[in-house]
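A.B. asks: Shown below is the structure under consideration.
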Amino acid sequence: MKWGVITFPGSLDDGDALYALREVMGQEAIALWHADERLYGVECVVLPGGFSYGDYLRCGALARFSPVMKSVARFARDGGLVLGICNGFQILCEARLLPGALTRNRSLSFICDRVALRVENASTPLTRLFSVGDVIRLPIKHGAGLFVASDEELALVEKRGQVLLRYVNAEGQATDEANPNGSLNNIAAIANETFNVFGLMPHPEHAVEADLGGEDGLKLFYSLVAEDR
Amino acid sequence: MSDTIPIALPSDPPVTVELARALGLTENEYRVIEARLGRRPTYTELGVFSVMWSEHCSYKSSKLHLRQLPHSGRAVVRGPGENAGAIEIGDGWLAVFKIESHNHPSYVEPYQGAATGVGGIIRDILAMGARPIATLNSLKFGDFDYPRMTYLVRGVVGGIGGYGNCVGVPTVGGEASFSKEYNKNILVNVFCLGLARKGELMSASAKSVGSAVIYAGSATGRDGIHGASLLASAEFDSAEKSKRPSVQVGDPFMGKILIEACLEAFATGAVEACQDMGAAGLTSSSSELAARGGLGIELDLDKVPLREPALTPYEILLSESQERMLLLVCPGREGEVLSVFRKWDLPACVVGRIVAENRWRAFYRGALVADIPVNALTVDAPVYNRPVKARPVARDYSHSSTLCKSRGELEHGEVLRVLIGSPNVASKRWIYRQFDYLVQSNTLVEPGGDAAVLRIKGTQRALAIAVDSNFRLCARDPYIGAVAAVCEAALNVACVGATPVGITDCLNYGSPERPEVMWEFARSVEGIRDAALALEIPVVSGNVSFYNETDGQPIPPTPTIAVVGVLNERAHRLSSYFKRADDAVALVKGGKLRLAATAYEALLEQKRSGVSFGWVLPPIEPELVKATVDALSEAAALGIVSSAHDVSEGGIGVALVECCFNPNGVLGVEVSLDGLDELGVGEALFAEGTPLVIVSLPEANLERAAKVFTDRGLEFKTLGKVKNEPKLTVKDLIDEDCNALWEVYHRALPRRLGEHV
Amino acid sequence: MFVTPREGILDPQGRAVEHSLKSLGFELVSGVRVGKYIVLELATESPAQARQLAEQMCEQLLANTVIEDYRIRVEGE
Amino acid sequence: MFVTPREGILDPQGRAVEHSLKSLGFELVSGVRVGKYIVLELATESPAQARQLAEQMCEQLLANTVIEDYRIRVEGE
Ligand SMILES: Nc1ncnc2c1ncn2[C@@H]1O[C@H](COP(=O)(O)OP(=O)(O)O)[C@@H](O)[C@H]1O
Ligand SMILES: [Mg+2]
């Protein structure tokens with residue numbers, strides 16, 4: 001599968017995503033530039049983590065106006081696979097390609113840690129190699145990962161099965177203590193209504209080697225590869 | 001042009017000795033300036049001299065002493081005097097690193113002060129043509145009860161994360177201590193390491209006449225004028241506000257773009273030399289670039305991008321606005337470089353030229369406003385041999401009669417719990433949880449270990465980095481304290497299995513005009529020298545921060561040492577925590593156990609306010625530390641030990657507890673300290689020492705391992721065994737639940753900061 | 001322009017600030033909301049045009065209407 | 001309460017927002033400053049006391065007076 005990883009000014013984990021895809025998984029992956037509208041025929045677009053435009057105003061707010069985002073929106077409407085990680089998730093929400101919004105962690109401080117996550121829906125392209133209820137461990141590192149939405153929207157997101165991952169404790173329960181940032185319903189990852197656009201706060205690209213914090217992230221990427229059409 | 005005399009501007013105040021003094025120059029220095037110029041300086045020139053001759057830029061009080069430090073070695077590619085040191089680490093890679101202080105700004109405005117400290121050191125590394133891959137920090141705070149301290153702690157930690165996280169350079173480790181001596185003068189030292197390909201280091205000296213001087217990055221504002229120079233070169237008076245410059249605000253987003261754009265610009269091959277605009281901004285970067293190449297420079301101040309209109313030449317030259325770099329570009333290739341910056345949407349323009357004549361000249365609105373011999377600003381700046389006056393230091397080491405004073409009153413388990421719950425010993429997770437230590441995908445050993453370990457992609461190698469200082473020892477004896485800081489940092493690097501290859505030091509002291517402080521400084525430098533020589537590690541870069549005093553109270557001498565080490569096989573790295581149950585636990589020991597200047601002593605003194613125990617410092621033998629370092633890397637390479645952890649604050653007991661905190665599940669340990677009999681057994685539990693290392697290993701390897709250590713003249717003493725059950729048992733002394741200790745250890749800091757975690 | 005978190009939407013910052021204020025001894029405080037205050041100049045003489053532009057800016061960029069409300073004040077209106 | 005970056009202090013956020021607004025076609029825009037806007041209720045009848053309390057809160061917590069200025073508006077004053 002051919003992947004494209006976008007570099008916005010201030011993207012930080014773009015190189016790490018490319019490293020994971022190319023060096024660890026042996027996939028074909030190219031770097032996309034924010035000012036270039038073309039997507040060069042990629043089959044999955046990755047919006048990486050980082051601080052695009054310094055997170056000024058709101059996280060993701062300024063990046064969403066990049067020229068490349070026009071094409072990403074079109075690509076998503078046509079059913080293309082789009083994966084937003086951390087800052088990428090924030091950009092996708094700002095661009096209204098995903099519901100809800102991400103605001104500052106309830107502690108108001110940045111958190112870098114490893115967390116347990118429970119798979120909530122295993123029949124999406126991002127999660128198809130998992131079973132519902134699987135508990136995985138991924139790193140998080142963000143200052144604004146608190147997922148919010150209006151009550152109605154949240155109810156819809158839940159009802160349609162758009163919640164993909166929830167923060168849980170070691171026993172797999174979505175408790176308040178296991179919620180690192182205060183996200184509503186412990187939500188860590190969601191999909192759009194048509195299940196081709198995904199946003200997650202944890203960083204799968206930082207969990208692809210046993211030496212560096214485990215391999216649970218690999219399985220998420222491989223799920224998307226399995227989706228290869 | 002060279003015989004025109006620079007003009008004064010209508011807005012310039014008259015130049016007098018008083019004005020010179022107000023800018024931090026002495027009357028004598030002012031006279032020397034007049035003599036060098038053969039005339040009275042203009043206001044602009046006076047400003048330029050005042051920053052270039054400040055302690056911060058000229059190292060005038062420290063230079064003579066620093067010359068003693070060993071800075072050569074087979075692997076050293078660049079030593080002191082450059083923007084950072086560089087060491088060859090194999091596979092065609094160079095490690096480029098340096099540590100720097102940002103103490104005063106962080107006290108005035110902790111968030112921005114710490115943030116700009118991170119930004120500044122990152123650009124020092126960048127200027128060498130290296131990609132910054134990690135930062136570490138060393139923080140000294142005061143007592144939590146001191147009024148502004150929680151605010152300072154939160155601000156500094158927030159600022160380091162705020163900048164580091166956003167600029168994409170992982171913060172992989174550091175240290176933090178809390179002691180009342182730093183109440184009014186906290187220390188924020190930041191270390192940065194970058195990687196460069198061999199042969200691709202950027203130069204910091206002008207090469208050819210006619211090269212273009214390109215200014216890149218943020219526009220110049222009024223911020224930080226006389227920031228580093230005056231603020232970092234004069235003591236602090238809490239009542240006096242006038243010396244406080246307008247605070248510098250960092251823009252990490254700009255910092256990140258600047259990294260990418262500069263590296264891309266360097267790759268064109270058109271850039272001959274580069275320097276960041278740090279302390280004394282445009283003035284120091286331009287004059288130092290010219291001086292190193294034995295050339296001159298002409299600057300057109302009208303071309304400098306300004307944030308606000310109507311900045312005077314004085315302000316433009318002295319501004320310390322952040323995120324700015326100065327590049328020298330081969331004549332005719334300016335366009336290539338400028339187009340890279342355009343791609344990144346970053347302001348950049350030509351602001352001057354390199355000239356043959358050894359002059360530093362600035363033009364403003366077409367007129368010459370400064371014309372100074374380059375060397376007068378740099379190599380010929382004043383150097384002082386300041387008077388020193390020794391403080392008495394107790395020299396006789398004996399530990400006989402005093403020991404019993406502490407016995408019988410405190411229960412050992414209780415002492416241990418108090419120690420691991422004290423801010424200096426407790427886990428610093430509250431701090432590093434706020435730092436991105438993962439970005440760039442190299443972090444093999446995360447914060448919380450003895451040293452950070454980073455892989456070098458595409459090779460089997462890894463780098464290990466540790467920063468250390470020991471304020472308690474330094475306050476007692478600046479020589480032993482400095483030796484200890486070097487030894488402890490080297491041991492921390494060795495504990496992950498790496499071989500130390502380079503040192504960078506950040507020397508924090510009070511006013512050099514006090515003979516006692518100057519003595520502390522001189523003794524510390526001797527300590528670093530002796531330890532570095534014995535350990536055979538060159539000192540390749542460093543930084544001096546004087547005038548760390550407020551209301552006449554200097555801080556204790558505080559040399560912060562960072563050691564970088566290399567692991568040839570990253571698979572050989574050791575963890576600091578026990579790996580598995582049934583492994584044997586042993587203590588590697590060289591030299592004497594020590595109770596003086598330990599966390600335990602501080603605790604006892606606190607409990608019986610004012611009582612001094614009269615415990616005296618034993619000497620440290622760096623040769624034994626060298627032996628330990630060598631033995632550890634050999635043992636790691638042979639694969640015969642599972643973990644290694646050096647004993648530091650809190651002593652053997654605390655180190656054993658820390659070893660039990662395996663992140664995959666807390667383990668336990670059962671040991672006996674019988675036979676560590678130079679002290680009464682009770683105190684051995686809390687004794688510190690250098691070198692002292694706890695190792696764990698499969699029992700089958702005990703004999704081979706013992707040989708590796710004892711062959712080098714070290715004691716190797718089997719203490720007991722790792723247990724699956726999370727209990728810490730020390731024969732006759734301790735019986736504690738490790739999970740409960742884990743809670744105490746990890747919740748102490750957040751609790752002090754008023755958080756319910 | 002004033003951009004504030006919407007009624008009914010979680011405002012972690014407001015909550016944290018309220019908590020801090022209370023622990024500093026400001027017990028009379030309640031209902032803290034933390035928003036943004038954006039000041040800018042517009043090179044136009046017409047307050048009506050200014051308002052219209054400001055509204056567009058808020059809708060498009062300055063506010064995220066999923067979670068924020070905004071208010072505009074035009075000098076000279 | 002309105003908390004804004006001080007005159008002369010770098011406001012990277014304001015600069016970034018201005019840049020974006022311009023590239024969105026709002027060319028008439030200049031001098032963007034982004035600050036904080038904090039609304040809260042105080043259980044007191046006296047506007048004078050309210051102002052005094054608000055001032056204390058700004059000094060102690062809400063504004064960082066080294067780099068920020070603040071302004072207070074009290075309803076009913
Ligand atoms: N300011 C800090 N920033 C990041 N990490 C820190 C900081 N302070 C402490 N740490 C982490 O905690 C670990 C333990 O610190 P410390 O007790 O000082 O180690 P040691 O005693 O081995 O020198 C360090 O190795 C470091 O990784
Ligand atoms: Mg250690």
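FYI, nothing fancy with the structure tokens labels: chains A, B, ... in order, residues from 1 per chain, ligands from 1 as they appear.
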Pull the closest atom pair for each residue of chain D that gets at most 12 Å from chain A, along with the distance in Å to one decimal, counting only C-alpha atoms, ordering rows by chain and then ascending residue number, as JSON lines.

C.D. replies:
```
{"residue": "D:Asp11", "atom": "CA", "partner": "A:Tyr56", "partner_atom": "CA", "distance": 10.3}
{"residue": "D:Pro12", "atom": "CA", "partner": "A:Tyr56", "partner_atom": "CA", "distance": 7.9}
{"residue": "D:Gln13", "atom": "CA", "partner": "A:Tyr56", "partner_atom": "CA", "distance": 5.1}
{"residue": "D:Gly14", "atom": "CA", "partner": "A:Tyr56", "partner_atom": "CA", "distance": 8.2}
{"residue": "D:Arg15", "atom": "CA", "partner": "A:Tyr56", "partner_atom": "CA", "distance": 9.3}
{"residue": "D:Ala16", "atom": "CA", "partner": "A:Tyr56", "partner_atom": "CA", "distance": 6.9}
{"residue": "D:Val17", "atom": "CA", "partner": "A:Leu57", "partner_atom": "CA", "distance": 7.0}
{"residue": "D:Glu18", "atom": "CA", "partner": "A:Leu62", "partner_atom": "CA", "distance": 10.6}
{"residue": "D:His19", "atom": "CA", "partner": "A:Leu62", "partner_atom": "CA", "distance": 9.6}
{"residue": "D:Ser20", "atom": "CA", "partner": "A:Leu62", "partner_atom": "CA", "distance": 6.7}
{"residue": "D:Leu21", "atom": "CA", "partner": "A:Leu62", "partner_atom": "CA", "distance": 9.3}
{"residue": "D:Lys22", "atom": "CA", "partner": "A:Phe65", "partner_atom": "CA", "distance": 11.7}
{"residue": "D:Ser23", "atom": "CA", "partner": "A:Phe65", "partner_atom": "CA", "distance": 9.0}
{"residue": "D:Leu24", "atom": "CA", "partner": "A:Phe65", "partner_atom": "CA", "distance": 7.9}
{"residue": "D:Gly25", "atom": "CA", "partner": "A:Phe65", "partner_atom": "CA", "distance": 11.6}
{"residue": "D:Val32", "atom": "CA", "partner": "A:Leu57", "partner_atom": "CA", "distance": 11.6}
{"residue": "D:Arg33", "atom": "CA", "partner": "A:Leu57", "partner_atom": "CA", "distance": 10.8}
{"residue": "D:Val34", "atom": "CA", "partner": "A:Leu57", "partner_atom": "CA", "distance": 7.9}
{"residue": "D:Gly35", "atom": "CA", "partner": "A:Leu57", "partner_atom": "CA", "distance": 9.9}
{"residue": "D:Lys36", "atom": "CA", "partner": "A:Leu57", "partner_atom": "CA", "distance": 10.9}
```

A.B. asks: So that I have them on file, write out the residues from the current selection with N, CA, C and O atoms, as an mmCIF file, in the first residue's frame.

C.D. replies:
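Result file is out15.cif:
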```cif
data_model
loop_
_atom_site.group_PDB
_atom_site.id
_atom_site.type_symbol
_atom_site.label_atom_id
_atom_site.label_comp_id
_atom_site.auth_asym_id
_atom_site.auth_seq_id
_atom_site.Cartn_x
_atom_site.Cartn_y
_atom_site.Cartn_z
ATOM 1 N N ASP D 11 4.560 38.400 20.672
ATOM 2 C CA ASP D 11 3.291 37.677 20.743
ATOM 3 C C ASP D 11 3.215 36.738 19.544
ATOM 4 O O ASP D 11 2.593 37.035 18.532
ATOM 5 N N PRO D 12 3.894 35.584 19.663
ATOM 6 C CA PRO D 12 3.967 34.689 18.501
ATOM 7 C C PRO D 12 2.586 34.239 18.047
ATOM 8 O O PRO D 12 2.344 34.055 16.863
ATOM 9 N N GLN D 13 1.680 34.078 19.007
ATOM 10 C CA GLN D 13 0.350 33.630 18.656
ATOM 11 C C GLN D 13 -0.359 34.674 17.787
ATOM 12 O O GLN D 13 -0.935 34.355 16.752
ATOM 13 N N GLY D 14 -0.272 35.922 18.214
ATOM 14 C CA GLY D 14 -0.884 36.998 17.431
ATOM 15 C C GLY D 14 -0.308 37.038 16.025
ATOM 16 O O GLY D 14 -1.033 37.201 15.041
ATOM 17 N N ARG D 15 0.992 36.852 15.959
ATOM 18 C CA ARG D 15 1.652 36.901 14.657
ATOM 19 C C ARG D 15 1.168 35.770 13.748
ATOM 20 O O ARG D 15 0.869 35.972 12.570
ATOM 21 N N ALA D 16 1.053 34.570 14.331
ATOM 22 C CA ALA D 16 0.623 33.424 13.529
ATOM 23 C C ALA D 16 -0.812 33.606 13.059
ATOM 24 O O ALA D 16 -1.156 33.294 11.917
ATOM 25 N N VAL D 17 -1.657 34.124 13.931
ATOM 26 C CA VAL D 17 -3.062 34.317 13.561
ATOM 27 C C VAL D 17 -3.164 35.370 12.456
ATOM 28 O O VAL D 17 -3.903 35.209 11.479
ATOM 29 N N GLU D 18 -2.401 36.417 12.587
ATOM 30 C CA GLU D 18 -2.434 37.474 11.578
ATOM 31 C C GLU D 18 -2.029 36.911 10.214
ATOM 32 O O GLU D 18 -2.679 37.163 9.190
ATOM 33 N N HIS D 19 -0.967 36.127 10.238
ATOM 34 C CA HIS D 19 -0.471 35.509 9.017
ATOM 35 C C HIS D 19 -1.563 34.669 8.357
ATOM 36 O O HIS D 19 -1.815 34.759 7.157
ATOM 37 N N SER D 20 -2.236 33.871 9.169
ATOM 38 C CA SER D 20 -3.293 33.000 8.641
ATOM 39 C C SER D 20 -4.459 33.801 8.102
ATOM 40 O O SER D 20 -5.015 33.488 7.051
ATOM 41 N N LEU D 21 -4.877 34.816 8.850
ATOM 42 C CA LEU D 21 -6.004 35.633 8.399
ATOM 43 C C LEU D 21 -5.680 36.248 7.040
ATOM 44 O O LEU D 21 -6.509 36.241 6.141
ATOM 45 N N LYS D 22 -4.457 36.729 6.920
ATOM 46 C CA LYS D 22 -4.078 37.339 5.649
ATOM 47 C C LYS D 22 -4.131 36.311 4.530
ATOM 48 O O LYS D 22 -4.633 36.593 3.452
ATOM 49 N N SER D 23 -3.629 35.101 4.813
ATOM 50 C CA SER D 23 -3.616 34.132 3.721
ATOM 51 C C SER D 23 -5.024 33.620 3.430
ATOM 52 O O SER D 23 -5.277 33.047 2.386
ATOM 53 N N LEU D 24 -5.949 33.830 4.349
ATOM 54 C CA LEU D 24 -7.347 33.482 4.070
ATOM 55 C C LEU D 24 -8.027 34.589 3.278
ATOM 56 O O LEU D 24 -9.203 34.508 2.956
ATOM 57 N N GLY D 25 -7.303 35.666 3.028
ATOM 58 C CA GLY D 25 -7.861 36.733 2.207
ATOM 59 C C GLY D 25 -8.301 37.959 2.986
ATOM 60 O O GLY D 25 -8.823 38.908 2.408
ATOM 61 N N VAL D 32 -2.618 42.081 15.101
ATOM 62 C CA VAL D 32 -3.396 41.105 15.875
ATOM 63 C C VAL D 32 -2.704 40.792 17.198
ATOM 64 O O VAL D 32 -1.510 40.515 17.228
ATOM 65 N N ARG D 33 -3.414 40.868 18.302
ATOM 66 C CA ARG D 33 -2.895 40.426 19.600
ATOM 67 C C ARG D 33 -3.912 39.431 20.158
ATOM 68 O O ARG D 33 -5.110 39.690 20.140
ATOM 69 N N VAL D 34 -3.413 38.323 20.656
ATOM 70 C CA VAL D 34 -4.320 37.340 21.239
ATOM 71 C C VAL D 34 -4.094 37.287 22.747
ATOM 72 O O VAL D 34 -2.973 37.101 23.198
ATOM 73 N N GLY D 35 -5.159 37.497 23.478
ATOM 74 C CA GLY D 35 -5.052 37.455 24.932
ATOM 75 C C GLY D 35 -6.084 36.517 25.517
ATOM 76 O O GLY D 35 -6.694 35.721 24.804
ATOM 77 N N LYS D 36 -6.237 36.610 26.830
ATOM 78 C CA LYS D 36 -7.208 35.757 27.496
ATOM 79 C C LYS D 36 -8.386 36.596 27.979
ATOM 80 O O LYS D 36 -8.234 37.778 28.317
#
```

A.B. asks: Using only C-alpha atoms, tabulate the residues of chain B lying at most 10 Å from any atom of chain A, each with its closest atom pair and that distance in Å to one decimal, by chain and increasing residue number, as JSON lines.

C.D. replies:
```
{"residue": "B:Arg154", "atom": "CA", "partner": "A:Ser109", "partner_atom": "CA", "distance": 9.8}
{"residue": "B:Gly158", "atom": "CA", "partner": "A:Ser109", "partner_atom": "CA", "distance": 7.6}
{"residue": "B:Gly161", "atom": "CA", "partner": "A:Phe110", "partner_atom": "CA", "distance": 7.6}
{"residue": "B:Gly162", "atom": "CA", "partner": "A:Phe110", "partner_atom": "CA", "distance": 8.2}
{"residue": "B:Tyr163", "atom": "CA", "partner": "A:Gly54", "partner_atom": "CA", "distance": 9.9}
{"residue": "B:Asn165", "atom": "CA", "partner": "A:Gly50", "partner_atom": "CA", "distance": 8.3}
{"residue": "B:Cys166", "atom": "CA", "partner": "A:Phe51", "partner_atom": "CA", "distance": 5.6}
{"residue": "B:Val167", "atom": "CA", "partner": "A:Gly10", "partner_atom": "CA", "distance": 7.5}
{"residue": "B:Gly168", "atom": "CA", "partner": "A:Leu12", "partner_atom": "CA", "distance": 5.3}
{"residue": "B:Val169", "atom": "CA", "partner": "A:Leu12", "partner_atom": "CA", "distance": 8.7}
{"residue": "B:Asp251", "atom": "CA", "partner": "A:Gly54", "partner_atom": "CA", "distance": 8.0}
{"residue": "B:Pro252", "atom": "CA", "partner": "A:Gly54", "partner_atom": "CA", "distance": 7.0}
{"residue": "B:Phe253", "atom": "CA", "partner": "A:Gly54", "partner_atom": "CA", "distance": 4.6}
{"residue": "B:Met254", "atom": "CA", "partner": "A:Gly54", "partner_atom": "CA", "distance": 8.0}
{"residue": "B:Gly255", "atom": "CA", "partner": "A:Gly10", "partner_atom": "CA", "distance": 9.3}
{"residue": "B:Lys256", "atom": "CA", "partner": "A:Gly10", "partner_atom": "CA", "distance": 6.4}
{"residue": "B:Ile257", "atom": "CA", "partner": "A:Pro9", "partner_atom": "CA", "distance": 6.8}
{"residue": "B:Glu260", "atom": "CA", "partner": "A:Pro9", "partner_atom": "CA", "distance": 9.7}
{"residue": "B:Lys343", "atom": "CA", "partner": "A:Ala35", "partner_atom": "CA", "distance": 9.4}
{"residue": "B:Trp344", "atom": "CA", "partner": "A:Pro9", "partner_atom": "CA", "distance": 7.7}
{"residue": "B:Asp345", "atom": "CA", "partner": "A:Pro9", "partner_atom": "CA", "distance": 9.1}
{"residue": "B:Arg429", "atom": "CA", "partner": "A:Asp113", "partner_atom": "CA", "distance": 9.8}
{"residue": "B:Trp430", "atom": "CA", "partner": "A:Ile111", "partner_atom": "CA", "distance": 9.6}
{"residue": "B:Ile431", "atom": "CA", "partner": "A:Ile111", "partner_atom": "CA", "distance": 9.9}
{"residue": "B:Tyr432", "atom": "CA", "partner": "A:Cys112", "partner_atom": "CA", "distance": 7.8}
{"residue": "B:Arg433", "atom": "CA", "partner": "A:Cys112", "partner_atom": "CA", "distance": 4.9}
{"residue": "B:Gln434", "atom": "CA", "partner": "A:Phe110", "partner_atom": "CA", "distance": 4.9}
{"residue": "B:Phe435", "atom": "CA", "partner": "A:Cys112", "partner_atom": "CA", "distance": 6.1}
{"residue": "B:Asp436", "atom": "CA", "partner": "A:Cys112", "partner_atom": "CA", "distance": 5.7}
{"residue": "B:Tyr437", "atom": "CA", "partner": "A:Cys112", "partner_atom": "CA", "distance": 7.5}
{"residue": "B:Leu438", "atom": "CA", "partner": "A:His206", "partner_atom": "CA", "distance": 7.3}
{"residue": "B:Val439", "atom": "CA", "partner": "A:Asp13", "partner_atom": "CA", "distance": 6.3}
{"residue": "B:Gln440", "atom": "CA", "partner": "A:Asp16", "partner_atom": "CA", "distance": 5.9}
{"residue": "B:Ser441", "atom": "CA", "partner": "A:Asp16", "partner_atom": "CA", "distance": 6.1}
{"residue": "B:Asn442", "atom": "CA", "partner": "A:Leu212", "partner_atom": "CA", "distance": 7.6}
{"residue": "B:Thr443", "atom": "CA", "partner": "A:Leu212", "partner_atom": "CA", "distance": 6.8}
{"residue": "B:Leu444", "atom": "CA", "partner": "A:Leu212", "partner_atom": "CA", "distance": 5.7}
{"residue": "B:Val445", "atom": "CA", "partner": "A:Leu212", "partner_atom": "CA", "distance": 8.4}
{"residue": "B:Glu446", "atom": "CA", "partner": "A:Leu212", "partner_atom": "CA", "distance": 9.5}
{"residue": "B:Arg455", "atom": "CA", "partner": "A:Leu212", "partner_atom": "CA", "distance": 9.8}
{"residue": "B:Lys457", "atom": "CA", "partner": "A:Tyr19", "partner_atom": "CA", "distance": 10.0}
{"residue": "B:Gly458", "atom": "CA", "partner": "A:Glu23", "partner_atom": "CA", "distance": 9.9}
{"residue": "B:Arg570", "atom": "CA", "partner": "A:Asp211", "partner_atom": "CA", "distance": 9.7}
{"residue": "B:Ala571", "atom": "CA", "partner": "A:Asp211", "partner_atom": "CA", "distance": 9.0}
{"residue": "B:Glu755", "atom": "CA", "partner": "A:Ser107", "partner_atom": "CA", "distance": 9.6}
{"residue": "B:Val757", "atom": "CA", "partner": "A:Glu177", "partner_atom": "CA", "distance": 9.2}
```

A.B. asks: Listing only residues of chain B within 7 Å of ligand 2, what is the closest atom pair and its distance in Å (to one decimal) for each, using only C-alpha atoms and all ligand atoms, sorted by chain and residue number ascending, as JSON lines?

C.D. replies:
```
{"residue": "B:Asp450", "atom": "CA", "partner": "ligand 2", "partner_atom_place_in_ligand_line": "1 (Mg)", "distance": 4.0}
{"residue": "B:Asn492", "atom": "CA", "partner": "ligand 2", "partner_atom_place_in_ligand_line": "1 (Mg)", "distance": 5.0}
{"residue": "B:His645", "atom": "CA", "partner": "ligand 2", "partner_atom_place_in_ligand_line": "1 (Mg)", "distance": 5.8}
{"residue": "B:Asp646", "atom": "CA", "partner": "ligand 2", "partner_atom_place_in_ligand_line": "1 (Mg)", "distance": 4.8}
{"residue": "B:Val647", "atom": "CA", "partner": "ligand 2", "partner_atom_place_in_ligand_line": "1 (Mg)", "distance": 6.5}
{"residue": "B:Ser648", "atom": "CA", "partner": "ligand 2", "partner_atom_place_in_ligand_line": "1 (Mg)", "distance": 6.2}
```

A.B. asks: Check which residues fall inside 8 Å of ligand 1 when counting only C-alpha atoms and all ligand atoms, and print them as a ChimeraX atom specification.

C.D. replies: /B:136-139,157,171-177,424-429,431-432,435,446-452,466-468,488-489,492,645-649

A.B. asks: Save the residues we just selected, C-alpha atoms, as a PDB file, in the first residue's frame?

C.D. replies:
```pdb
ATOM      1  CA  LEU B 136      18.500  17.106  29.458  1.00  0.00           C
ATOM      2  CA  ASN B 137      18.278  19.577  32.294  1.00  0.00           C
ATOM      3  CA  SER B 138      19.602  20.173  35.764  1.00  0.00           C
ATOM      4  CA  LEU B 139      17.308  22.138  38.049  1.00  0.00           C
ATOM      5  CA  VAL B 157       9.041  22.641  34.231  1.00  0.00           C
ATOM      6  CA  THR B 171      13.763  15.885  26.801  1.00  0.00           C
ATOM      7  CA  VAL B 172      15.225  12.566  27.853  1.00  0.00           C
ATOM      8  CA  GLY B 173      16.478  13.134  31.352  1.00  0.00           C
ATOM      9  CA  GLY B 174      17.894  15.408  33.960  1.00  0.00           C
ATOM     10  CA  GLU B 175      18.014  16.023  37.652  1.00  0.00           C
ATOM     11  CA  ALA B 176      16.184  18.229  40.110  1.00  0.00           C
ATOM     12  CA  SER B 177      17.044  19.183  43.700  1.00  0.00           C
ATOM     13  CA  ASN B 424      15.417  15.316  46.517  1.00  0.00           C
ATOM     14  CA  VAL B 425      15.185  11.546  46.506  1.00  0.00           C
ATOM     15  CA  ALA B 426      11.598  10.957  45.363  1.00  0.00           C
ATOM     16  CA  SER B 427      10.714  10.100  41.790  1.00  0.00           C
ATOM     17  CA  LYS B 428      10.866  13.010  39.389  1.00  0.00           C
ATOM     18  CA  ARG B 429       8.094  11.547  37.288  1.00  0.00           C
ATOM     19  CA  ILE B 431       8.524  16.536  36.064  1.00  0.00           C
ATOM     20  CA  TYR B 432       9.367  14.294  33.138  1.00  0.00           C
ATOM     21  CA  PHE B 435       8.194  16.284  28.649  1.00  0.00           C
ATOM     22  CA  GLU B 446      13.595   6.859  29.212  1.00  0.00           C
ATOM     23  CA  PRO B 447      13.802   9.332  32.089  1.00  0.00           C
ATOM     24  CA  GLY B 448      13.914   7.528  35.387  1.00  0.00           C
ATOM     25  CA  GLY B 449      16.969   5.417  34.596  1.00  0.00           C
ATOM     26  CA  ASP B 450      20.545   6.239  35.586  1.00  0.00           C
ATOM     27  CA  ALA B 451      21.285   7.728  32.178  1.00  0.00           C
ATOM     28  CA  ALA B 452      19.217   8.347  29.091  1.00  0.00           C
ATOM     29  CA  ALA B 466      23.670  11.768  32.358  1.00  0.00           C
ATOM     30  CA  VAL B 467      23.802  15.111  34.135  1.00  0.00           C
ATOM     31  CA  ASP B 468      24.843  15.316  37.751  1.00  0.00           C
ATOM     32  CA  GLU B 488      28.701  10.360  39.508  1.00  0.00           C
ATOM     33  CA  ALA B 489      27.835  11.417  35.968  1.00  0.00           C
ATOM     34  CA  ASN B 492      25.543   6.859  35.686  1.00  0.00           C
ATOM     35  CA  HIS B 645      22.313   1.205  39.609  1.00  0.00           C
ATOM     36  CA  ASP B 646      24.672   3.599  41.326  1.00  0.00           C
ATOM     37  CA  VAL B 647      24.083   4.573  44.917  1.00  0.00           C
ATOM     38  CA  SER B 648      23.393   8.282  45.155  1.00  0.00           C
ATOM     39  CA  GLU B 649      21.113  10.424  47.324  1.00  0.00           C
TER      40      GLU B 649
END
```

A.B. asks: Find the residues around Glu43 (chain A) up to 10 Å (only C-alpha atoms counted), leave out those fewer than 6 positions away in its own chain, and share them as a list in words.

C.D. replies: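 The contact residues come out as Met1, Lys2, Trp3, Gly4, Ala29, Phe75, Gly80, Leu81, Val82, Leu224, Val225, Asp228 and Arg229 of chain A.
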
A.B. asks: What residues in chain B have any atom no more than 8 Å from chain D when counting only C-alpha atoms, and can you write them as a list in words?

C.D. replies: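 That gives the following set of residues: Val108, Glu109, Gly221, Arg222, Asp223, Ser246, Val247, Gln248, Val249, Gly250, Asp251 and Glu308 of chain B.
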